[in-house]
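Student: Got a file for you: coords.cif, mmCIF, C-alpha atoms.
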```
data_model
loop_
_atom_site.label_atom_id
_atom_site.label_comp_id
_atom_site.auth_asym_id
_atom_site.auth_seq_id
_atom_site.Cartn_x
_atom_site.Cartn_y
_atom_site.Cartn_z
CA MET A 1 33.77 -12.20 -18.53
CA ILE A 2 34.69 -11.28 -22.09
CA SER A 3 38.16 -10.09 -21.06
CA GLU A 4 38.68 -13.45 -19.32
CA LEU A 5 37.67 -15.27 -22.47
CA LEU A 6 40.02 -13.12 -24.57
CA ILE A 7 42.98 -13.73 -22.24
CA ASN A 8 42.17 -17.43 -22.24
CA ALA A 9 41.97 -17.57 -26.05
CA PHE A 10 45.25 -15.64 -26.38
CA LEU A 11 47.18 -17.93 -24.04
CA VAL A 12 45.66 -21.07 -25.55
CA THR A 13 46.62 -19.95 -29.06
CA ILE A 14 50.21 -19.41 -27.99
CA MET A 15 50.33 -22.83 -26.32
CA LEU A 16 48.93 -24.59 -29.38
CA SER A 17 51.34 -22.81 -31.73
CA ILE A 18 54.29 -23.69 -29.47
CA ALA A 19 53.21 -27.34 -29.43
CA ILE A 20 52.82 -27.46 -33.22
CA SER A 21 56.20 -25.82 -33.81
CA LEU A 22 57.69 -28.44 -31.43
CA ILE A 23 56.54 -31.09 -33.91
CA LYS A 24 58.14 -29.18 -36.79
CA THR A 25 61.52 -28.18 -35.36
CA ARG A 26 64.59 -30.42 -35.69
CA ALA A 27 67.19 -28.34 -33.83
CA VAL A 28 67.62 -29.45 -30.22
CA ILE A 29 68.22 -25.93 -28.83
CA PHE A 30 64.89 -24.70 -30.27
CA THR A 31 63.16 -27.71 -28.75
CA VAL A 32 64.52 -26.87 -25.31
CA ILE A 33 63.64 -23.17 -25.56
CA LEU A 34 60.11 -23.92 -26.82
CA THR A 35 59.55 -26.36 -23.93
CA SER A 36 60.57 -23.67 -21.47
CA ALA A 37 58.23 -21.15 -23.13
CA TYR A 38 55.41 -23.70 -23.02
CA SER A 39 55.86 -24.14 -19.27
CA LEU A 40 55.88 -20.38 -18.74
CA ILE A 41 52.64 -19.88 -20.70
CA ALA A 42 51.14 -22.79 -18.75
CA ALA A 43 52.06 -20.92 -15.55
CA LEU A 44 50.16 -17.85 -16.84
CA MET A 45 47.22 -20.14 -17.61
CA PHE A 46 47.30 -21.42 -14.01
CA ILE A 47 47.06 -17.83 -12.72
CA THR A 48 43.92 -17.21 -14.79
CA LEU A 49 42.47 -20.42 -13.32
CA ASP A 50 43.06 -19.22 -9.70
CA ALA A 51 45.94 -21.62 -8.99
CA VAL A 52 48.61 -19.16 -7.84
CA ASP A 53 50.73 -21.68 -5.92
CA VAL A 54 50.81 -24.03 -8.90
CA ALA A 55 51.79 -21.11 -11.13
CA PHE A 56 54.76 -20.31 -8.86
CA THR A 57 55.91 -23.89 -8.88
CA GLU A 58 55.43 -24.35 -12.62
CA ALA A 59 57.36 -21.14 -13.40
CA SER A 60 60.27 -21.98 -11.10
CA VAL A 61 60.46 -25.77 -11.38
CA GLY A 62 58.85 -26.48 -14.77
CA ALA A 63 60.27 -23.56 -16.71
CA GLY A 64 63.45 -23.12 -14.65
CA ILE A 65 64.92 -26.35 -13.33
CA SER A 66 63.78 -28.61 -16.16
CA THR A 67 65.23 -26.21 -18.72
CA ILE A 68 68.55 -26.29 -16.87
CA LEU A 69 68.43 -30.11 -16.88
CA PHE A 70 67.65 -30.18 -20.60
CA LEU A 71 70.47 -27.71 -21.37
CA ALA A 72 72.94 -29.72 -19.27
CA ALA A 73 71.95 -32.94 -21.06
CA MET A 74 72.03 -31.20 -24.44
CA ALA A 75 75.72 -30.41 -24.05
CA TYR A 76 76.57 -34.14 -24.36
CA LEU A 77 74.08 -35.01 -27.11
CA PRO A 78 73.95 -34.45 -30.90
CA LYS A 79 72.78 -30.92 -31.70
CA LYS A 80 70.48 -31.88 -34.53
CA GLU A 81 67.66 -34.38 -34.73
CA GLU A 82 67.79 -36.75 -37.69
CA GLU A 83 64.95 -36.91 -40.18
CA SER A 84 63.32 -40.25 -39.42
CA ILE A 85 62.82 -42.61 -42.33
CA SER A 86 60.00 -44.56 -40.77
CA ASN A 87 56.34 -43.91 -41.42
CA GLN A 88 54.58 -41.35 -39.21
CA PHE A 89 51.10 -42.35 -40.32
CA ILE A 90 50.23 -44.91 -37.64
CA PRO A 91 51.29 -42.76 -34.63
CA ALA A 92 49.52 -39.70 -36.07
CA MET A 93 46.32 -41.63 -36.76
CA SER A 94 46.26 -43.25 -33.31
CA CYS A 95 46.73 -39.83 -31.67
CA ILE A 96 43.92 -38.30 -33.75
CA ILE A 97 41.57 -41.20 -32.97
CA LEU A 98 42.36 -41.06 -29.24
CA GLY A 99 41.86 -37.27 -29.26
CA GLY A 100 38.51 -37.71 -31.00
CA ILE A 101 37.38 -40.24 -28.39
CA LEU A 102 38.45 -37.89 -25.57
CA ILE A 103 36.55 -34.96 -27.12
CA TRP A 104 33.48 -37.18 -27.55
CA CYS A 105 33.69 -38.20 -23.89
CA SER A 106 34.14 -34.56 -22.79
CA TYR A 107 30.40 -33.97 -23.35
CA ASP A 108 29.84 -35.95 -20.14
CA LEU A 109 32.20 -33.72 -18.12
CA PRO A 110 30.67 -30.95 -15.98
CA GLU A 111 30.85 -27.45 -17.44
CA ILE A 112 33.89 -25.43 -16.40
CA GLY A 113 33.45 -23.23 -13.33
CA GLN A 114 30.16 -24.58 -12.02
CA LEU A 115 29.78 -24.71 -8.26
CA THR A 116 27.56 -27.81 -8.49
CA ALA A 117 30.22 -30.00 -10.09
CA PRO A 118 30.94 -33.21 -8.11
CA ILE A 119 34.57 -32.22 -7.46
CA HIS A 120 33.46 -29.25 -5.34
CA GLN A 121 31.04 -31.27 -3.16
CA HIS A 122 33.20 -33.93 -1.56
CA ILE A 123 35.94 -32.92 0.87
CA ALA A 124 37.18 -29.55 -0.40
CA PRO A 125 34.56 -27.49 1.57
CA GLU A 126 35.73 -29.15 4.80
CA TYR A 127 39.34 -28.17 4.09
CA ILE A 128 38.28 -24.60 3.28
CA ARG A 129 36.23 -24.34 6.51
CA GLY A 130 38.73 -26.08 8.76
CA SER A 131 41.98 -24.53 7.57
CA LYS A 132 41.77 -21.47 9.84
CA GLU A 133 40.78 -23.32 13.03
CA ASP A 134 42.72 -26.57 12.60
CA ILE A 135 46.03 -25.24 11.33
CA GLY A 136 45.83 -21.46 11.37
CA ILE A 137 47.31 -20.81 7.96
CA PRO A 138 45.36 -18.55 5.60
CA ASN A 139 46.74 -20.31 2.49
CA ILE A 140 44.56 -23.41 2.15
CA VAL A 141 46.86 -25.08 -0.38
CA THR A 142 49.74 -24.94 2.09
CA SER A 143 47.66 -26.32 4.95
CA VAL A 144 46.39 -29.23 2.84
CA LEU A 145 49.87 -29.95 1.44
CA ALA A 146 51.76 -29.83 4.72
CA SER A 147 49.18 -30.93 7.26
CA TYR A 148 46.00 -32.64 6.00
CA ARG A 149 47.90 -34.53 3.31
CA GLY A 150 51.34 -34.49 4.88
CA TYR A 151 51.98 -38.17 4.18
CA ASP A 152 51.48 -37.59 0.44
CA THR A 153 54.15 -34.91 0.52
CA PHE A 154 56.41 -37.30 2.41
CA GLY A 155 55.86 -39.89 -0.34
CA GLU A 156 56.72 -37.27 -2.95
CA THR A 157 59.99 -36.58 -1.15
CA ILE A 158 60.80 -40.30 -1.24
CA VAL A 159 60.09 -40.38 -5.00
CA VAL A 160 62.39 -37.44 -5.63
CA PHE A 161 65.11 -39.02 -3.46
CA THR A 162 64.81 -42.31 -5.36
CA ALA A 163 65.04 -40.50 -8.69
CA GLY A 164 68.15 -38.65 -7.46
CA VAL A 165 69.82 -41.90 -6.41
CA ALA A 166 68.93 -43.51 -9.74
CA VAL A 167 70.42 -40.59 -11.68
CA LEU A 168 73.63 -40.82 -9.63
CA VAL A 169 73.87 -44.59 -10.26
CA LEU A 170 73.28 -44.15 -13.98
CA LEU A 171 75.83 -41.39 -14.48
CA GLU A 172 78.52 -42.63 -12.09
CA LYS A 173 81.89 -43.90 -13.40
CA LYS A 174 81.29 -44.55 -17.05
CA ASN A 175 84.68 -46.13 -17.75
CA PRO A 176 84.73 -49.18 -15.43
CA VAL A 177 81.29 -50.25 -16.63
CA LYS A 178 82.40 -49.92 -20.24
CA LYS A 179 85.48 -52.06 -19.60
CA ASN A 180 83.41 -54.78 -17.98
CA LYS A 181 81.04 -54.76 -20.90
CA SER A 182 83.75 -54.85 -23.57
CA GLN A 183 85.81 -57.62 -21.94
CA PRO A 184 83.39 -60.50 -22.60
CA LYS A 185 83.13 -59.46 -26.24
CA GLN A 186 86.92 -59.73 -26.68
CA LYS A 187 86.90 -63.14 -25.06
CA ILE A 188 84.25 -64.30 -27.50
CA LYS A 189 86.37 -63.19 -30.42
CA LYS A 190 89.43 -65.01 -29.05
CA ASN A 191 87.46 -68.21 -28.61
CA ALA A 192 86.06 -67.95 -32.08
CA MET B 1 24.32 -26.91 -27.72
CA ILE B 2 26.42 -23.81 -28.36
CA SER B 3 26.54 -22.78 -24.71
CA SER B 4 27.51 -26.30 -23.63
CA THR B 5 30.24 -26.30 -26.30
CA ILE B 6 31.66 -23.03 -24.92
CA GLY B 7 31.47 -24.51 -21.41
CA ILE B 8 33.69 -27.45 -22.29
CA TRP B 9 35.80 -25.77 -24.97
CA ASN B 10 38.83 -25.50 -22.70
CA TYR B 11 38.85 -29.29 -22.31
CA TRP B 12 39.17 -29.70 -26.07
CA ILE B 13 42.25 -27.48 -26.21
CA VAL B 14 43.79 -29.47 -23.37
CA PHE B 15 43.04 -32.72 -25.22
CA CYS B 16 44.68 -31.34 -28.41
CA LEU B 17 47.80 -30.40 -26.41
CA MET B 18 47.83 -33.86 -24.79
CA MET B 19 47.64 -35.55 -28.17
CA ILE B 20 50.48 -33.42 -29.54
CA GLY B 21 52.57 -34.51 -26.56
CA LEU B 22 51.63 -38.15 -27.13
CA PHE B 23 52.52 -37.85 -30.81
CA LEU B 24 55.96 -36.50 -29.87
CA VAL B 25 56.45 -39.52 -27.61
CA ILE B 26 55.35 -42.25 -30.05
CA GLY B 27 55.99 -40.60 -33.43
CA ARG B 28 59.47 -39.13 -33.05
CA LYS B 29 62.55 -41.35 -32.95
CA ASN B 30 64.86 -38.95 -31.09
CA PHE B 31 64.98 -39.79 -27.37
CA LEU B 32 65.36 -36.16 -26.25
CA LYS B 33 62.27 -35.27 -28.27
CA LYS B 34 60.40 -38.12 -26.61
CA ILE B 35 61.19 -36.70 -23.17
CA VAL B 36 60.11 -33.23 -24.33
CA GLY B 37 56.85 -34.83 -25.51
CA LEU B 38 56.42 -36.38 -22.07
CA THR B 39 56.85 -32.92 -20.49
CA ILE B 40 54.25 -31.42 -22.85
CA PHE B 41 51.83 -34.25 -22.05
CA GLN B 42 52.39 -33.77 -18.32
CA THR B 43 51.81 -30.02 -18.40
CA SER B 44 48.59 -30.55 -20.35
CA VAL B 45 47.32 -33.00 -17.74
CA PHE B 46 48.14 -30.43 -15.04
CA LEU B 47 46.08 -27.91 -16.98
CA LEU B 48 43.15 -30.35 -17.13
CA TYR B 49 43.21 -30.87 -13.36
CA ILE B 50 43.44 -27.16 -12.58
CA THR B 51 40.53 -26.53 -14.98
CA PHE B 52 38.42 -28.97 -12.93
CA GLY B 53 39.11 -26.98 -9.77
CA LYS B 54 38.12 -23.56 -11.14
CA ILE B 55 34.88 -21.98 -9.92
CA LYS B 56 33.33 -19.11 -11.86
CA GLY B 57 33.68 -15.89 -9.82
CA GLY B 58 35.95 -17.64 -7.32
CA THR B 59 39.18 -16.33 -5.85
CA PRO B 60 42.50 -18.12 -5.26
CA PRO B 61 42.17 -20.34 -2.15
CA ILE B 62 43.77 -17.94 0.33
CA LEU B 63 41.47 -17.01 3.22
CA ASN B 64 40.40 -13.38 3.55
CA GLU B 65 38.22 -11.52 6.07
CA SER B 66 34.90 -11.42 4.21
CA VAL B 67 32.46 -14.25 4.88
CA ASP B 68 30.78 -14.85 1.52
CA THR B 69 33.87 -15.34 -0.64
CA ILE B 70 33.86 -18.31 -3.01
CA TYR B 71 37.23 -20.04 -3.12
CA SER B 72 38.34 -22.21 -6.03
CA ASN B 73 38.88 -25.84 -5.11
CA PRO B 74 42.33 -26.17 -3.42
CA LEU B 75 42.55 -29.96 -3.71
CA PRO B 76 43.61 -30.22 -7.40
CA HIS B 77 46.19 -27.49 -6.74
CA VAL B 78 47.80 -29.62 -4.02
CA LEU B 79 47.80 -32.70 -6.24
CA ILE B 80 49.41 -30.79 -9.10
CA LEU B 81 52.03 -29.18 -6.85
CA THR B 82 53.15 -32.72 -5.98
CA ALA B 83 52.92 -33.84 -9.60
CA ILE B 84 55.09 -30.98 -10.92
CA VAL B 85 57.96 -31.88 -8.61
CA VAL B 86 57.63 -35.60 -9.38
CA GLY B 87 57.51 -34.67 -13.09
CA VAL B 88 60.87 -32.93 -12.85
CA ALA B 89 62.31 -35.99 -11.10
CA THR B 90 61.01 -38.14 -13.98
CA THR B 91 62.55 -35.79 -16.53
CA ALA B 92 65.90 -35.90 -14.76
CA LEU B 93 65.84 -39.71 -14.67
CA GLY B 94 64.88 -39.90 -18.35
CA LEU B 95 67.68 -37.53 -19.34
CA ALA B 96 70.17 -39.59 -17.31
CA ILE B 97 69.07 -42.73 -19.17
CA VAL B 98 69.41 -40.90 -22.52
CA LEU B 99 72.94 -39.77 -21.61
CA ARG B 100 73.84 -43.35 -20.65
CA ILE B 101 72.47 -44.66 -23.95
CA ASN B 102 74.43 -42.01 -25.80
CA SER B 103 77.67 -43.02 -24.10
CA GLU B 104 77.06 -46.72 -24.94
CA TYR B 105 75.79 -46.45 -28.50
CA GLY B 106 77.02 -43.00 -29.60
CA SER B 107 73.56 -42.06 -30.77
CA VAL B 108 70.16 -41.08 -29.43
CA GLU B 109 68.15 -42.04 -32.51
CA GLU B 110 65.95 -45.10 -32.09
CA ASP B 111 66.63 -46.35 -35.66
CA ASP B 112 70.42 -46.22 -35.19
CA ILE B 113 70.26 -48.05 -31.88
CA SER B 114 68.03 -50.86 -33.12
CA ALA B 115 70.29 -51.25 -36.18
CA GLN B 116 73.33 -51.58 -33.89
CA ASP B 117 71.49 -54.11 -31.75
CA LEU B 118 70.65 -56.11 -34.87
CA VAL B 119 74.33 -56.16 -35.90
CA ASP B 120 75.32 -57.36 -32.42
CA TYR B 121 72.68 -60.06 -32.59
CA HIS B 122 74.00 -61.34 -35.93
CA ASP B 123 77.55 -61.34 -34.54
CA GLU B 124 76.32 -63.54 -31.71
CA ILE B 125 74.71 -65.91 -34.18
CA GLU B 126 77.98 -66.23 -36.12
CA THR B 127 80.05 -66.96 -33.02
CA GLY B 128 77.36 -69.33 -31.74
CA LYS B 129 77.42 -67.87 -28.25
CA SER B 130 73.71 -67.24 -28.00
CA ILE B 131 72.00 -69.70 -25.67
CA ASP B 132 68.91 -70.13 -27.86
CA LEU B 133 71.00 -71.00 -30.90
CA LYS B 134 73.06 -73.58 -28.99
CA PHE B 135 69.86 -75.30 -28.12
CA LYS B 136 68.75 -75.30 -31.76
CA GLN B 137 72.07 -76.69 -33.02
#
```
Hey, can you dump this file as structure tokens for me?
Tutor:
Amino acid sequence: MISELLINAFLVTIMLSIAISLIKTRAVIFTVILTSAYSLIAALMFITLDAVDVAFTEASVGAGISTILFLAAMAYLPKKEEESISNQFIPAMSCIILGGILIWCSYDLPEIGQLTAPIHQHIAPEYIRGSKEDIGIPNIVTSVLASYRGYDTFGETIVVFTAGVAVLVLLEKKNPVKKNKSQPKQKIKKNA
Amino acid sequence: MISSTIGIWNYWIVFCLMMIGLFLVIGRKNFLKKIVGLTIFQTSVFLLYITFGKIKGGTPPILNESVDTIYSNPLPHVLILTAIVVGVATTALGLAIVLRINSEYGSVEEDDISAQDLVDYHDEIETGKSIDLKFKQ
């Protein structure tokens, strides 16, 4: 029990310090590396909370693929973030107020790890009981993902496909689009 | 009071992380930093969901031989597995939009871009090509 608490406190401290240093840093490469580290620590957190499948996915997709995407995008972008002139007071205050409201509301949430919490009463016991007989896979997460909730996974695939198409459309053939956009401007100048 | 505070303490940390992510999104003017903030926010929400599914003394939801094992709730895990993959798709789309903005404006700072837009707008006023201004004249 106490070792669990200690591990939890250790990981949480690292996550908080990474998040705070993300606010401070201005170099883009540090931002990307810190984001990757944050995802990796989150994956460790998922293991302590019994979510092994989520930990796998977070470590490979969250810490791996997104970091690659960020690094690839970084190559075309300015390497340093500019110091913003505008006032940070209003965003900071609204975040603090919203956080305070959330913490106040959290007193109504069920305590962590209690078997009597509403989330554990509804349909999850049926999935746990039925997984072996209905589908025959010992990993309940897999059987829910691929069989009980197969349509959700299908929808997810559609979302990813749509995002892929949108990325291709956005990044395809920069030059013709630029020409089309700059032509009307020249015409305006000639008319004027 | 103290025991209930320890029981929900993890939620508070998650809320702090969420608010830091939100601050990165609304407080920073660099678009790449905004997307990073979105990622931080997302991961914190995942953490919140997985915390809901945890049962004290439970094991990961993989069936074993013994009868009286308590399994943690598998349903939030499934939801979050889907959300992680969708989150990466969102990140990729956001980065593509940022790259496109960079190739059009030559900058990814919000202040720069709105200043350029303002200059363009004034140019349009001078040439009288804006539809609204024609109507006014």
Student: Compute the set of chain B residues within 7 Å of chain A, using all atoms listed in the file, and express it as a ChimeraX atom specification.
Tutor: /B:7-8,12,15-17,19-20,22-24,26-27,29-30,36,50-52,54-56,59-63,72-75,77-78,80-82,84,86,88-89,92-93,95-97,99-100,127
Student: Find the residue from A:Ala63, A:Phe10, A:His122, A:Lys79 that sits nearest to A:Ile33; use all atoms listed in the file when measuring.
Tutor: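 Closest to A:Ile33 of all the choices is A:Ala63.
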Student: Which residues fall under the PyMOL selection byres ((chain B and resi 113) around 12) in this file, as a list in words?
Tutor: Lys29, Asn30, Phe31, Val98, Ile101, Asn102, Ser103, Glu104, Tyr105, Gly106, Ser107, Val108, Glu109, Glu110, Asp111, Asp112, Ser114, Ala115, Gln116, Asp117, Leu118, Val119 and Asp120 of chain B
Student: So how far away is atom CA of B:Tyr71 from atom CA of B:Gly87, in Å?
Tutor: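 Pair atom CA of B:Gly87 / atom CA of B:Tyr71 returns 26.9 Å.
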Student: Around all the atoms of stretch 108-125 of chain A listed in the file, draw an axis-aligned box and extend it by 5 Å on each of the six sides; I want its centre and edge lengths in Å to one decimal, as lines of an AutoDock Vina configuration file.
Tutor:
```
center_x = 32.4
center_y = -29.6
center_z = -9.3
size_x = 19.6
size_y = 22.7
size_z = 31.7
```
